[in-house]
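Quick look at query_31.cif (mmCIF, C-alpha atoms):
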data_coords
loop_
_atom_site.label_atom_id
_atom_site.label_comp_id
_atom_site.auth_asym_id
_atom_site.auth_seq_id
_atom_site.Cartn_x
_atom_site.Cartn_y
_atom_site.Cartn_z
CA MET A 1 98.60 23.14 -65.81
CA LEU A 2 102.36 23.38 -66.29
CA ASN A 3 104.33 25.73 -64.05
CA ILE A 4 107.35 26.71 -66.18
CA GLN A 5 110.01 28.24 -63.92
CA THR A 6 112.32 29.79 -66.52
CA SER A 7 115.17 30.80 -64.19
CA LYS A 8 115.26 27.48 -62.32
CA LEU A 9 115.28 25.51 -65.58
CA PHE A 10 118.06 27.72 -66.95
CA TRP A 11 120.24 27.34 -63.85
CA ALA A 12 119.66 23.58 -63.66
CA SER A 13 120.74 23.42 -67.32
CA CYS A 14 123.90 25.37 -66.44
CA LEU A 15 124.66 22.89 -63.64
CA ALA A 16 124.25 19.93 -66.02
CA LEU A 17 126.61 21.62 -68.47
CA LEU A 18 129.04 22.22 -65.58
CA VAL A 19 129.27 18.44 -65.05
CA THR A 20 129.88 18.02 -68.80
CA SER A 21 132.75 20.49 -68.74
CA LEU A 22 134.22 19.21 -65.45
CA SER A 23 134.62 15.86 -67.21
CA PHE A 24 136.72 17.62 -69.90
CA GLY A 25 138.77 19.71 -67.48
CA ILE A 26 139.51 16.91 -65.03
CA ARG A 27 140.26 14.38 -67.78
CA ALA A 28 142.63 16.87 -69.47
CA GLY A 29 144.37 17.37 -66.12
CA ILE A 30 144.78 13.67 -65.28
CA MET A 31 145.62 12.44 -68.81
CA ASN A 32 149.38 12.22 -68.17
CA GLN A 33 148.81 10.38 -64.88
CA LEU A 34 146.46 7.86 -66.52
CA GLY A 35 149.18 7.20 -69.12
CA VAL A 36 151.72 6.52 -66.36
CA ASP A 37 149.43 4.43 -64.09
CA PHE A 38 148.12 2.19 -66.88
CA GLN A 39 151.21 2.32 -69.18
CA LEU A 40 149.27 3.75 -72.13
CA SER A 41 150.74 5.16 -75.35
CA THR A 42 149.73 8.57 -76.72
CA ALA A 43 147.66 6.77 -79.38
CA GLN A 44 145.76 4.86 -76.66
CA LEU A 45 145.23 8.06 -74.67
CA GLY A 46 144.02 9.67 -77.90
CA THR A 47 141.48 6.87 -78.42
CA ILE A 48 140.26 7.15 -74.81
CA THR A 49 139.88 10.92 -75.22
CA ALA A 50 138.13 10.40 -78.56
CA ALA A 51 135.59 8.06 -76.90
CA ALA A 52 134.03 11.09 -75.17
CA PHE A 53 133.73 12.76 -78.56
CA TRP A 54 132.13 9.61 -80.07
CA GLY A 55 129.52 9.26 -77.34
CA PHE A 56 128.65 12.94 -77.60
CA PRO A 57 127.60 13.07 -81.30
CA LEU A 58 125.83 9.72 -81.01
CA ALA A 59 123.72 11.00 -78.11
CA ILE A 60 123.16 14.51 -79.44
CA VAL A 61 122.03 13.37 -82.91
CA VAL A 62 119.75 10.62 -81.57
CA GLY A 63 118.46 13.15 -79.01
CA GLY A 64 117.80 15.64 -81.81
CA PHE A 65 115.54 13.14 -83.57
CA VAL A 66 113.59 12.07 -80.45
CA VAL A 67 113.49 15.17 -78.22
CA ASP A 68 110.25 16.49 -79.76
CA MET A 69 108.59 13.11 -79.17
CA ILE A 70 109.78 12.08 -75.69
CA GLY A 71 110.37 15.56 -74.24
CA MET A 72 113.44 17.29 -72.83
CA LYS A 73 112.82 16.08 -69.25
CA ARG A 74 113.18 12.36 -70.09
CA LEU A 75 116.39 13.07 -72.01
CA LEU A 76 117.90 14.82 -68.99
CA VAL A 77 117.00 11.97 -66.63
CA MET A 78 118.86 9.66 -69.05
CA ALA A 79 121.84 12.06 -69.03
CA PHE A 80 121.93 11.88 -65.21
CA ILE A 81 122.02 8.04 -65.27
CA PHE A 82 124.81 7.95 -67.89
CA HIS A 83 126.87 10.58 -66.02
CA LEU A 84 126.64 8.68 -62.74
CA ALA A 85 127.54 5.34 -64.38
CA GLY A 86 130.48 6.83 -66.31
CA ILE A 87 131.95 8.61 -63.27
CA ILE A 88 131.72 5.50 -61.04
CA LEU A 89 133.25 3.26 -63.74
CA THR A 90 136.15 5.72 -64.17
CA ILE A 91 136.89 5.62 -60.43
CA PHE A 92 137.04 1.81 -60.48
CA ALA A 93 138.83 1.54 -63.86
CA GLN A 94 141.30 -1.35 -64.20
CA GLY A 95 142.97 -0.43 -67.50
CA TYR A 96 142.50 0.65 -71.10
CA TRP A 97 139.09 -0.89 -71.82
CA SER A 98 137.36 0.21 -68.61
CA LEU A 99 138.74 3.76 -69.15
CA PHE A 100 137.48 3.65 -72.74
CA LEU A 101 133.98 2.47 -71.73
CA SER A 102 133.67 4.95 -68.84
CA THR A 103 134.73 7.83 -71.12
CA LEU A 104 132.22 6.69 -73.76
CA LEU A 105 129.40 6.70 -71.14
CA VAL A 106 130.37 10.18 -69.96
CA GLY A 107 130.44 11.32 -73.61
CA ILE A 108 126.92 9.94 -74.14
CA ALA A 109 125.77 11.79 -71.01
CA ASN A 110 127.42 15.01 -72.20
CA GLY A 111 125.72 14.76 -75.60
CA THR A 112 122.35 14.03 -74.02
CA VAL A 113 122.68 17.15 -71.83
CA GLU A 114 123.27 19.33 -74.92
CA ALA A 115 120.56 17.50 -76.92
CA ALA A 116 118.01 18.62 -74.33
CA CYS A 117 119.46 21.90 -73.01
CA ASN A 118 120.22 23.71 -76.31
CA PRO A 119 116.56 23.53 -77.47
CA LEU A 120 115.44 24.16 -73.88
CA VAL A 121 117.35 27.47 -73.68
CA ALA A 122 116.10 28.47 -77.17
CA SER A 123 112.52 27.71 -76.03
CA LEU A 124 112.89 29.62 -72.76
CA TYR A 125 114.33 32.76 -74.45
CA PRO A 126 112.88 32.92 -78.02
CA GLU A 127 113.68 36.66 -78.40
CA ASN A 128 117.32 36.45 -77.26
CA LYS A 129 118.61 33.04 -78.37
CA THR A 130 122.27 33.70 -79.29
CA THR A 131 122.96 35.77 -76.15
CA LYS A 132 121.31 33.28 -73.76
CA LEU A 133 123.04 30.34 -75.49
CA ASN A 134 126.34 32.19 -74.87
CA HIS A 135 125.37 32.68 -71.20
CA PHE A 136 124.45 28.98 -70.95
CA HIS A 137 127.64 27.83 -72.69
CA LEU A 138 129.91 29.94 -70.48
CA TRP A 139 129.52 27.06 -67.99
CA PHE A 140 131.46 24.82 -70.36
CA PRO A 141 134.72 26.79 -70.10
CA GLY A 142 133.71 27.67 -66.53
CA GLY A 143 133.68 24.00 -65.59
CA ILE A 144 137.01 23.43 -67.34
CA VAL A 145 138.53 26.28 -65.28
CA ILE A 146 137.13 24.77 -62.07
CA GLY A 147 138.23 21.27 -63.13
CA THR A 148 141.81 22.20 -64.01
CA LEU A 149 142.23 24.29 -60.85
CA LEU A 150 140.90 21.36 -58.78
CA VAL A 151 143.38 19.02 -60.49
CA THR A 152 146.24 21.44 -59.77
CA LEU A 153 145.15 21.82 -56.12
CA PHE A 154 144.62 18.08 -55.56
CA VAL A 155 147.98 17.20 -57.12
CA HIS A 156 149.59 19.77 -54.79
CA LEU A 157 147.80 18.17 -51.82
CA GLY A 158 148.87 14.70 -52.96
CA LEU A 159 145.32 13.50 -53.64
CA GLY A 160 144.98 10.98 -56.50
CA TRP A 161 143.00 11.27 -59.72
CA LYS A 162 140.20 9.05 -58.35
CA VAL A 163 139.29 11.71 -55.77
CA GLN A 164 139.29 14.34 -58.54
CA VAL A 165 136.88 12.29 -60.66
CA ALA A 166 134.65 11.55 -57.63
CA MET A 167 134.14 15.32 -57.13
CA MET A 168 131.83 15.27 -60.18
CA ILE A 169 129.26 13.12 -58.35
CA ILE A 170 128.07 16.09 -56.22
CA PRO A 171 126.86 18.45 -59.03
CA THR A 172 125.52 15.38 -60.92
CA LEU A 173 123.22 14.45 -58.03
CA ILE A 174 122.05 18.07 -57.67
CA TYR A 175 121.10 18.57 -61.34
CA GLY A 176 119.41 15.13 -61.45
CA TYR A 177 117.25 16.10 -58.46
CA LEU A 178 116.35 19.55 -59.87
CA PHE A 179 115.29 18.28 -63.30
CA SER A 180 113.19 15.50 -61.76
CA LYS A 181 111.11 18.13 -59.90
CA LEU A 182 110.63 20.84 -62.59
CA ASP A 183 108.03 21.15 -65.38
CA PHE A 184 109.33 21.57 -68.96
CA PRO A 185 107.95 23.48 -71.96
CA VAL A 186 107.61 21.88 -75.42
CA THR A 187 110.40 22.62 -77.91
CA GLU A 188 110.23 25.86 -79.90
CA ARG A 189 109.59 24.06 -83.21
CA VAL A 190 106.52 22.34 -81.73
CA SER A 191 105.20 25.57 -80.14
CA SER A 192 105.75 27.48 -83.43
CA GLY A 193 103.74 24.93 -85.41
CA TYR A 194 106.52 23.94 -87.85
CA SER A 195 105.98 20.41 -89.23
CA SER A 196 108.52 17.58 -89.34
CA SER A 197 108.81 18.02 -93.13
CA ASP A 198 109.60 21.74 -92.59
CA MET A 199 112.36 20.64 -90.19
CA TYR A 200 113.90 18.14 -92.62
CA LYS A 201 113.79 20.67 -95.49
CA ALA A 202 115.51 23.24 -93.26
CA VAL A 203 118.44 20.95 -92.38
CA LEU A 204 118.98 20.29 -96.11
CA SER A 205 119.10 24.01 -96.99
CA PRO A 206 122.42 25.37 -98.37
CA LEU A 207 122.90 27.77 -95.43
CA PHE A 208 122.47 25.00 -92.85
CA ILE A 209 124.82 22.63 -94.72
CA PHE A 210 127.45 25.42 -94.94
CA MET A 211 127.25 26.04 -91.17
CA PHE A 212 127.28 22.28 -90.51
CA ILE A 213 130.60 21.95 -92.37
CA CYS A 214 132.06 25.05 -90.66
CA MET A 215 131.16 23.48 -87.29
CA PHE A 216 133.82 20.81 -87.97
CA GLY A 217 136.49 23.52 -88.01
CA THR A 218 135.26 25.65 -85.09
CA ALA A 219 134.91 22.62 -82.80
CA ILE A 220 138.36 21.18 -83.66
CA THR A 221 140.00 24.59 -83.17
CA GLU A 222 138.40 25.02 -79.73
CA LEU A 223 138.09 21.54 -78.24
CA PHE A 224 141.02 19.58 -79.67
CA THR A 225 143.47 22.31 -78.66
CA GLY A 226 141.86 22.68 -75.21
CA GLN A 227 141.85 18.96 -74.44
CA TRP A 228 145.47 18.44 -75.51
CA ILE A 229 147.13 21.73 -74.52
CA GLY A 230 148.62 20.30 -71.31
CA LEU A 231 150.19 17.45 -73.24
CA LEU A 232 151.42 19.55 -76.16
CA LEU A 233 152.99 22.53 -74.41
CA LYS A 234 154.94 21.01 -71.52
CA ASN A 235 158.15 22.28 -73.08
CA VAL A 236 157.24 25.95 -72.86
CA THR A 237 155.91 26.08 -69.30
CA ASP A 238 155.85 23.90 -66.18
CA ASN A 239 152.20 24.90 -65.74
CA ALA A 240 150.86 23.87 -69.16
CA ILE A 241 147.50 22.88 -67.66
CA LEU A 242 147.17 26.46 -66.32
CA LEU A 243 147.31 27.65 -69.96
CA LEU A 244 144.03 25.78 -70.43
CA THR A 245 142.67 27.48 -67.30
CA LEU A 246 143.68 30.91 -68.62
CA THR A 247 142.24 30.27 -72.10
CA THR A 248 138.94 29.02 -70.72
CA GLY A 249 138.82 31.83 -68.14
CA ILE A 250 138.87 34.31 -71.03
CA MET A 251 136.00 32.31 -72.60
CA VAL A 252 133.91 32.55 -69.41
CA ILE A 253 134.31 36.35 -69.31
CA GLY A 254 133.64 36.74 -73.04
CA ARG A 255 130.49 34.64 -73.01
CA GLY A 256 129.26 36.43 -69.89
CA PHE A 257 129.45 39.75 -71.79
CA ALA A 258 128.15 38.30 -75.07
CA GLU A 259 125.05 40.50 -75.37
CA PRO A 260 126.66 43.79 -76.53
CA VAL A 261 129.15 41.92 -78.77
CA VAL A 262 126.46 39.86 -80.52
CA HIS A 263 124.11 42.85 -80.91
CA ARG A 264 126.86 45.08 -82.30
CA LEU A 265 128.49 42.65 -84.75
CA ALA A 266 125.66 40.14 -85.44
CA PRO A 267 126.48 36.40 -85.12
CA GLN A 268 128.27 36.20 -88.50
CA GLY A 269 130.55 39.16 -87.64
CA VAL A 270 131.38 37.56 -84.28
CA LEU A 271 132.34 34.32 -86.06
CA LEU A 272 134.66 36.11 -88.52
CA LEU A 273 136.51 37.99 -85.75
CA SER A 274 136.70 34.77 -83.70
CA ALA A 275 138.40 32.91 -86.57
CA ILE A 276 140.98 35.73 -86.98
CA PHE A 277 141.86 35.74 -83.26
CA ALA A 278 141.90 31.92 -83.08
CA ALA A 279 144.35 31.66 -86.00
CA ALA A 280 146.62 34.34 -84.48
CA GLY A 281 146.47 32.68 -81.04
CA LEU A 282 147.21 29.20 -82.36
CA TYR A 283 150.20 30.51 -84.34
CA MET A 284 151.54 32.24 -81.21
CA LEU A 285 151.02 29.13 -79.04
CA SER A 286 153.04 27.05 -81.51
CA THR A 287 155.95 29.51 -81.74
CA PHE A 288 156.23 31.51 -78.50
CA THR A 289 158.17 30.29 -75.46
CA GLY A 290 158.45 31.38 -71.84
CA ASN A 291 155.96 33.82 -70.31
CA SER A 292 154.86 35.12 -73.73
CA VAL A 293 152.92 31.85 -74.14
CA PHE A 294 150.39 33.18 -71.61
CA PHE A 295 149.72 36.18 -73.90
CA ALA A 296 149.23 33.71 -76.78
CA ALA A 297 146.72 31.79 -74.62
CA ILE A 298 144.74 35.01 -74.03
CA VAL A 299 144.57 35.75 -77.78
CA PHE A 300 143.53 32.16 -78.49
CA GLY A 301 140.90 32.27 -75.71
CA ILE A 302 139.37 35.42 -77.24
CA GLY A 303 139.32 33.60 -80.60
CA VAL A 304 137.50 30.44 -79.54
CA CYS A 305 135.34 32.17 -76.93
CA TYR A 306 132.18 32.61 -79.02
CA PHE A 307 132.57 29.76 -81.55
CA TRP A 308 130.31 27.00 -80.16
CA PRO A 309 127.31 28.98 -78.80
CA THR A 310 127.32 31.49 -81.68
CA MET A 311 127.34 28.70 -84.29
CA ILE A 312 124.29 27.17 -82.59
CA GLY A 313 122.69 30.61 -82.03
CA PHE A 314 123.21 31.53 -85.70
CA VAL A 315 121.30 28.40 -86.81
CA ALA A 316 118.56 29.01 -84.20
CA GLU A 317 118.06 32.55 -85.54
CA ASN A 318 118.66 32.10 -89.28
CA VAL A 319 117.31 28.56 -89.84
CA PRO A 320 114.56 28.41 -87.15
CA LYS A 321 112.55 25.68 -88.90
CA SER A 322 115.44 23.24 -88.31
CA GLY A 323 114.31 23.17 -84.66
CA ALA A 324 115.97 21.00 -82.00
CA LEU A 325 117.25 18.66 -84.73
CA GLY A 326 119.19 21.50 -86.38
CA LEU A 327 120.79 22.62 -83.12
CA ASN A 328 121.72 19.07 -82.19
CA LEU A 329 123.08 18.15 -85.63
CA MET A 330 125.41 21.15 -85.27
CA GLY A 331 126.68 19.95 -81.88
CA GLY A 332 127.00 16.38 -83.18
CA ALA A 333 128.97 17.53 -86.23
CA GLY A 334 131.40 19.41 -84.00
CA MET A 335 132.05 16.56 -81.60
CA PHE A 336 132.30 13.93 -84.36
CA ALA A 337 134.92 16.03 -86.15
CA VAL A 338 136.91 16.41 -82.91
CA SER A 339 136.78 12.63 -82.25
CA VAL A 340 138.16 11.78 -85.71
CA TYR A 341 140.78 14.54 -85.56
CA THR A 342 141.88 13.54 -82.03
CA MET A 343 142.48 9.93 -83.07
CA PHE A 344 144.34 10.95 -86.22
CA MET A 345 146.49 13.47 -84.33
CA GLY A 346 147.22 11.01 -81.51
CA SER A 347 148.87 8.65 -84.02
CA PHE A 348 150.53 11.59 -85.82
CA TYR A 349 151.90 12.83 -82.47
CA ASP A 350 153.40 9.38 -81.76
CA SER A 351 155.05 9.38 -85.22
CA LEU A 352 156.51 12.86 -84.56
CA ILE A 353 157.88 11.66 -81.20
CA VAL A 354 159.54 8.67 -82.88
CA LYS A 355 161.07 11.08 -85.44
CA HIS A 356 162.75 12.97 -82.58
CA LEU A 357 164.07 9.78 -80.88
CA PRO A 358 167.41 8.20 -81.89
CA ALA A 359 167.26 6.32 -85.23
CA GLY A 360 165.99 2.74 -84.88
CA ALA A 361 164.71 3.33 -81.32
CA SER A 362 161.97 1.07 -79.91
CA PHE A 363 159.05 3.36 -78.97
CA ASP A 364 157.70 0.79 -76.45
CA ALA A 365 161.06 0.63 -74.68
CA TYR A 366 161.05 4.42 -74.22
CA LEU A 367 157.38 4.40 -73.07
CA LYS A 368 158.08 1.79 -70.37
CA ALA A 369 161.38 3.27 -69.24
CA PRO A 370 161.72 4.05 -65.48
CA GLU A 371 161.17 7.66 -64.45
CA ASN A 372 164.26 9.95 -64.77
CA SER A 373 166.17 7.28 -66.71
CA GLU A 374 168.08 8.20 -69.86
CA TYR A 375 165.29 6.78 -72.05
CA ALA A 376 162.57 8.62 -70.09
CA LEU A 377 164.39 11.96 -70.44
CA ALA A 378 164.92 11.38 -74.17
CA LEU A 379 161.18 10.62 -74.56
CA ALA A 380 160.24 13.79 -72.65
CA ASN A 381 162.49 15.85 -74.93
CA ALA A 382 160.97 14.26 -78.06
CA LYS A 383 157.45 15.08 -76.78
CA ASN A 384 158.52 18.67 -76.15
CA LEU A 385 159.63 19.04 -79.76
CA ALA A 386 156.55 17.29 -81.20
CA GLY A 387 153.87 19.32 -79.35
CA PRO A 388 154.19 22.66 -81.17
CA GLU A 389 154.31 20.80 -84.52
CA ILE A 390 150.78 19.47 -83.84
CA LEU A 391 149.54 23.03 -83.18
CA ARG A 392 151.14 24.30 -86.39
CA ALA A 393 149.42 21.53 -88.36
CA THR A 394 146.07 22.53 -86.81
CA LEU A 395 146.57 26.22 -87.73
CA ILE A 396 145.29 25.64 -91.28
CA ILE A 397 141.75 25.07 -89.91
CA PRO A 398 141.07 28.58 -88.48
CA ILE A 399 142.72 30.10 -91.59
CA ILE A 400 140.11 28.30 -93.76
CA LEU A 401 137.39 29.52 -91.35
CA ILE A 402 138.47 33.17 -91.88
CA VAL A 403 137.76 32.79 -95.60
CA ALA A 404 134.47 30.93 -94.98
CA PHE A 405 133.07 33.41 -92.45
CA GLY A 406 134.27 36.37 -94.52
CA GLY A 407 132.17 34.97 -97.37
CA LEU A 408 129.22 34.48 -94.99
CA VAL A 409 129.33 38.14 -93.89
CA ILE A 410 129.39 39.33 -97.53
CA TYR A 411 126.54 36.93 -98.49
CA LEU A 412 124.25 38.04 -95.65
CA ARG A 413 124.91 41.74 -96.35
CA SER A 414 124.02 41.27 -100.04
CA ARG A 415 120.89 39.29 -99.07
CA LYS A 416 119.84 42.05 -96.67
CA LYS A 417 120.27 44.70 -99.41
CA THR A 418 118.28 42.59 -101.89
CA ASN A 419 115.44 42.14 -99.38
CA ALA A 420 115.44 45.89 -98.66
CA VAL A 421 115.17 46.69 -102.40
CA VAL A 422 112.32 44.18 -102.86
CA ALA A 423 110.49 45.61 -99.84
#
Could you write out this structure as structure tokens?
Amino acid sequence: MLNIQTSKLFWASCLALLVTSLSFGIRAGIMNQLGVDFQLSTAQLGTITAAAFWGFPLAIVVGGFVVDMIGMKRLLVMAFIFHLAGIILTIFAQGYWSLFLSTLLVGIANGTVEAACNPLVASLYPENKTTKLNHFHLWFPGGIVIGTLLVTLFVHLGLGWKVQVAMMIIPTLIYGYLFSKLDFPVTERVSSGYSSSDMYKAVLSPLFIFMFICMFGTAITELFTGQWIGLLLKNVTDNAILLLTLTTGIMVIGRGFAEPVVHRLAPQGVLLLSAIFAAAGLYMLSTFTGNSVFFAAIVFGIGVCYFWPTMIGFVAENVPKSGALGLNLMGGAGMFAVSVYTMFMGSFYDSLIVKHLPAGASFDAYLKAPENSEYALALANAKNLAGPEILRATLIIPIILIVAFGGLVIYLRSRKKTNAVVA
């Protein structure tokens, strides 16, 4: 007979997600150094960053299709193997391709963790899905806070990026050991008796497709900005990476206190308010300078705080027949959108930098210029001017989300009234 230890499974899931987020936080913190050490352009750095977002949707969508068949435990053992391989390959990276492959492996591991853990949390807490998914997902920003603070500390101590990456091995070994010892329940769709055809019909329903498309926007708003904030806002503060720490710190607190917010506003109300705050915060980040940027980061953090877990929680509550596949298609949609957007914006960022360099300048010559040389200082100034322009271009996405989620709130209210009249 299975001995399902709900709390232990939940906390082991949180630890696995912590490794996922540490990979984001540490990579965001060392991105500039990787560019210097391996002489990489912003477009190349963008492609390396995007590799994590490619591996993630690949793993989470494949995981969504197979999790009911092979079980959540086997998926998490695979995640452990991919995490360990990706971390070790990063430490011993020799250049662009080894960094690309190691990031892809870590992305696959990250997606596999979510492919198993989202349905696991929904199965463990069937009466409180959105709140517990928020509690689970607070470890994503939590890990980014820990990761960026570690990067800041290690840079201060003079320790290289390889030591920072190696730190991830410890929590990886712990979660791998815990999951290998614990018993797992079946997924909620299997325990509820919904058939595979019910599941496929559910993911083709208009409400699911609408949320699937909205996930593109919520994920780009949260994750693209978070991953690139250190690179984009160096002109407004010497501690740009601490802006990411502040933003994600707000997210940790918000998700920790999700229960009263979700119960008071319902998931769709939370999403509408989130889009409003995210748009306001992104506008402020792209226009404010000096210490006021930290206020902008707080507003933005409040905005993106509930996006990811509430999107998944909304589908778990309102389209329950979609099962693990529905939850994982949502996560895959988000990460795929971020990967495409990151690559596009990496090239766009390079073109903006060139625009701010002297006419006819060779971009490669500026990239390879010695530190503190005239060319290097001109390149730094061009990057400073280009960063806020990227944020202003991204602002259109949360503005569209305000309209979309406003419509969702109105639709669900009218549906509730219609059901009440029929009853």
If the PyMOL selection byres ((chain A and resi 130) around 9) is run on the structure shown, which residues does it catch, given as a compact mmCIF listing (two decimals) with C-alpha atoms, keeping the file's coordinate frame?
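Result file follows (result07.txt):
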# COMPACT_ATOMS: atom_id res chain seq x y z
CA ALA A 122 116.10 28.47 -77.17
CA ASN A 128 117.32 36.45 -77.26
CA LYS A 129 118.61 33.04 -78.37
CA THR A 131 122.96 35.77 -76.15
CA LYS A 132 121.31 33.28 -73.76
CA LEU A 133 123.04 30.34 -75.49
CA ASN A 134 126.34 32.19 -74.87
CA HIS A 135 125.37 32.68 -71.20
CA ALA A 258 128.15 38.30 -75.07
CA GLU A 259 125.05 40.50 -75.37
CA VAL A 262 126.46 39.86 -80.52
CA PRO A 267 126.48 36.40 -85.12
CA PRO A 309 127.31 28.98 -78.80
CA THR A 310 127.32 31.49 -81.68
CA MET A 311 127.34 28.70 -84.29
CA ILE A 312 124.29 27.17 -82.59
CA GLY A 313 122.69 30.61 -82.03
CA PHE A 314 123.21 31.53 -85.70
CA ALA A 316 118.56 29.01 -84.20
CA GLU A 317 118.06 32.55 -85.54
Since I can't run it myself right now, could you work out what the PyMOL selection byres ((chain A and resi 340-345) around 10) selects here and report it as a PDB file with C-alpha atoms, keeping the file's coordinate frame?
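expr23.pdb, written as the output of this step:
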ATOM      1  CA  THR A  42     149.730   8.570 -76.720  1.00  0.00           C
ATOM      2  CA  ALA A  43     147.660   6.770 -79.380  1.00  0.00           C
ATOM      3  CA  GLN A  44     145.760   4.860 -76.660  1.00  0.00           C
ATOM      4  CA  LEU A  45     145.230   8.060 -74.670  1.00  0.00           C
ATOM      5  CA  GLY A  46     144.020   9.670 -77.900  1.00  0.00           C
ATOM      6  CA  THR A  47     141.480   6.870 -78.420  1.00  0.00           C
ATOM      7  CA  ILE A  48     140.260   7.150 -74.810  1.00  0.00           C
ATOM      8  CA  THR A  49     139.880  10.920 -75.220  1.00  0.00           C
ATOM      9  CA  ALA A  50     138.130  10.400 -78.560  1.00  0.00           C
ATOM     10  CA  ALA A  51     135.590   8.060 -76.900  1.00  0.00           C
ATOM     11  CA  PHE A  53     133.730  12.760 -78.560  1.00  0.00           C
ATOM     12  CA  TRP A  54     132.130   9.610 -80.070  1.00  0.00           C
ATOM     13  CA  PHE A 216     133.820  20.810 -87.970  1.00  0.00           C
ATOM     14  CA  ILE A 220     138.360  21.180 -83.660  1.00  0.00           C
ATOM     15  CA  LEU A 223     138.090  21.540 -78.240  1.00  0.00           C
ATOM     16  CA  PHE A 224     141.020  19.580 -79.670  1.00  0.00           C
ATOM     17  CA  THR A 225     143.470  22.310 -78.660  1.00  0.00           C
ATOM     18  CA  GLN A 227     141.850  18.960 -74.440  1.00  0.00           C
ATOM     19  CA  TRP A 228     145.470  18.440 -75.510  1.00  0.00           C
ATOM     20  CA  MET A 335     132.050  16.560 -81.600  1.00  0.00           C
ATOM     21  CA  PHE A 336     132.300  13.930 -84.360  1.00  0.00           C
ATOM     22  CA  ALA A 337     134.920  16.030 -86.150  1.00  0.00           C
ATOM     23  CA  VAL A 338     136.910  16.410 -82.910  1.00  0.00           C
ATOM     24  CA  SER A 339     136.780  12.630 -82.250  1.00  0.00           C
ATOM     25  CA  GLY A 346     147.220  11.010 -81.510  1.00  0.00           C
ATOM     26  CA  SER A 347     148.870   8.650 -84.020  1.00  0.00           C
ATOM     27  CA  PHE A 348     150.530  11.590 -85.820  1.00  0.00           C
ATOM     28  CA  TYR A 349     151.900  12.830 -82.470  1.00  0.00           C
ATOM     29  CA  ASP A 350     153.400   9.380 -81.760  1.00  0.00           C
ATOM     30  CA  SER A 351     155.050   9.380 -85.220  1.00  0.00           C
ATOM     31  CA  ILE A 390     150.780  19.470 -83.840  1.00  0.00           C
ATOM     32  CA  ALA A 393     149.420  21.530 -88.360  1.00  0.00           C
ATOM     33  CA  THR A 394     146.070  22.530 -86.810  1.00  0.00           C
TER      34      THR A 394
END
Which residue gives the smallest distance to A:Ala52 among A:Gly256, A:Gly64, A:Pro141, A:Gly332, with all atoms listed in the file counted?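 Of A:Gly256, A:Gly64, A:Pro141, A:Gly332, the one nearest A:Ala52 is A:Gly332, counting all atoms listed in the file.
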Taking (136.5, 8.9, -53.7) as a centre in this file's frame and 12 Å as the limit, can you find every polymer residue with an atom that close, using only C-alpha atoms, and give them as a list of chain:residue names?
A:Ile87, A:Ile88, A:Leu89, A:Thr90, A:Ile91, A:Phe92, A:Leu159, A:Gly160, A:Trp161, A:Lys162, A:Val163, A:Gln164, A:Val165, A:Ala166, A:Met167, A:Met168, A:Ile169, A:Ile170
Q) Got a sec to resolve the PyMOL selection byres ((chain A and resi 7) around 12) on this structure and send the residues as a PyMOL selection string? A) chain A and resi 3-6+8-14+120-121+124-125+132+136+182+184
Output the selection as a PDB file, in the coordinates of the input - C-alpha atoms for each residue.
ATOM      1  CA  ASN A   3     104.330  25.730 -64.050  1.00  0.00           C
ATOM      2  CA  ILE A   4     107.350  26.710 -66.180  1.00  0.00           C
ATOM      3  CA  GLN A   5     110.010  28.240 -63.920  1.00  0.00           C
ATOM      4  CA  THR A   6     112.320  29.790 -66.520  1.00  0.00           C
ATOM      5  CA  LYS A   8     115.260  27.480 -62.320  1.00  0.00           C
ATOM      6  CA  LEU A   9     115.280  25.510 -65.580  1.00  0.00           C
ATOM      7  CA  PHE A  10     118.060  27.720 -66.950  1.00  0.00           C
ATOM      8  CA  TRP A  11     120.240  27.340 -63.850  1.00  0.00           C
ATOM      9  CA  ALA A  12     119.660  23.580 -63.660  1.00  0.00           C
ATOM     10  CA  SER A  13     120.740  23.420 -67.320  1.00  0.00           C
ATOM     11  CA  CYS A  14     123.900  25.370 -66.440  1.00  0.00           C
ATOM     12  CA  LEU A 120     115.440  24.160 -73.880  1.00  0.00           C
ATOM     13  CA  VAL A 121     117.350  27.470 -73.680  1.00  0.00           C
ATOM     14  CA  LEU A 124     112.890  29.620 -72.760  1.00  0.00           C
ATOM     15  CA  TYR A 125     114.330  32.760 -74.450  1.00  0.00           C
ATOM     16  CA  LYS A 132     121.310  33.280 -73.760  1.00  0.00           C
ATOM     17  CA  PHE A 136     124.450  28.980 -70.950  1.00  0.00           C
ATOM     18  CA  LEU A 182     110.630  20.840 -62.590  1.00  0.00           C
ATOM     19  CA  PHE A 184     109.330  21.570 -68.960  1.00  0.00           C
TER      20      PHE A 184
END
Within 9 Å of A:His356, counting all atoms listed in the file, which residues qualify if same-chain residues fewer than 2 places away don't, as a ChimeraX atom specification? /A:351-354,358-359,378-379,381-383,385-386
Work out how far apart atom CA of A:Phe405 and atom CA of A:Phe24 are and give it in Å to one decimal.
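Answer for the atom CA of A:Phe405 to atom CA of A:Phe24 separation: 27.8 Å.
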The distance between atom CA of A:Leu244 and atom CA of A:Ala28 is 9.1 Å
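In this model, the gap between atom CA of A:Gly323 and atom CA of A:Arg189 comes to 5.0 Å.
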Given the choices A:Ile302, A:Gly334, A:Gly95, A:Leu242, which gets closest to A:Phe56 if the distance is worked out from only C-alpha atoms?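 Closest residue, counting only C-alpha atoms: A:Gly334.
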* Asked: Could you name the residues that touch A:Ile146 at 9 Å or less, counting all atoms listed in the file, but leaving out those on the same chain fewer than 3 positions away, as a list in words?
  ->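 Those residues are Leu22, Gly25, Ile26, Pro141, Gly142, Gly143, Leu149, Leu150, Val151 and Thr245 of chain A.
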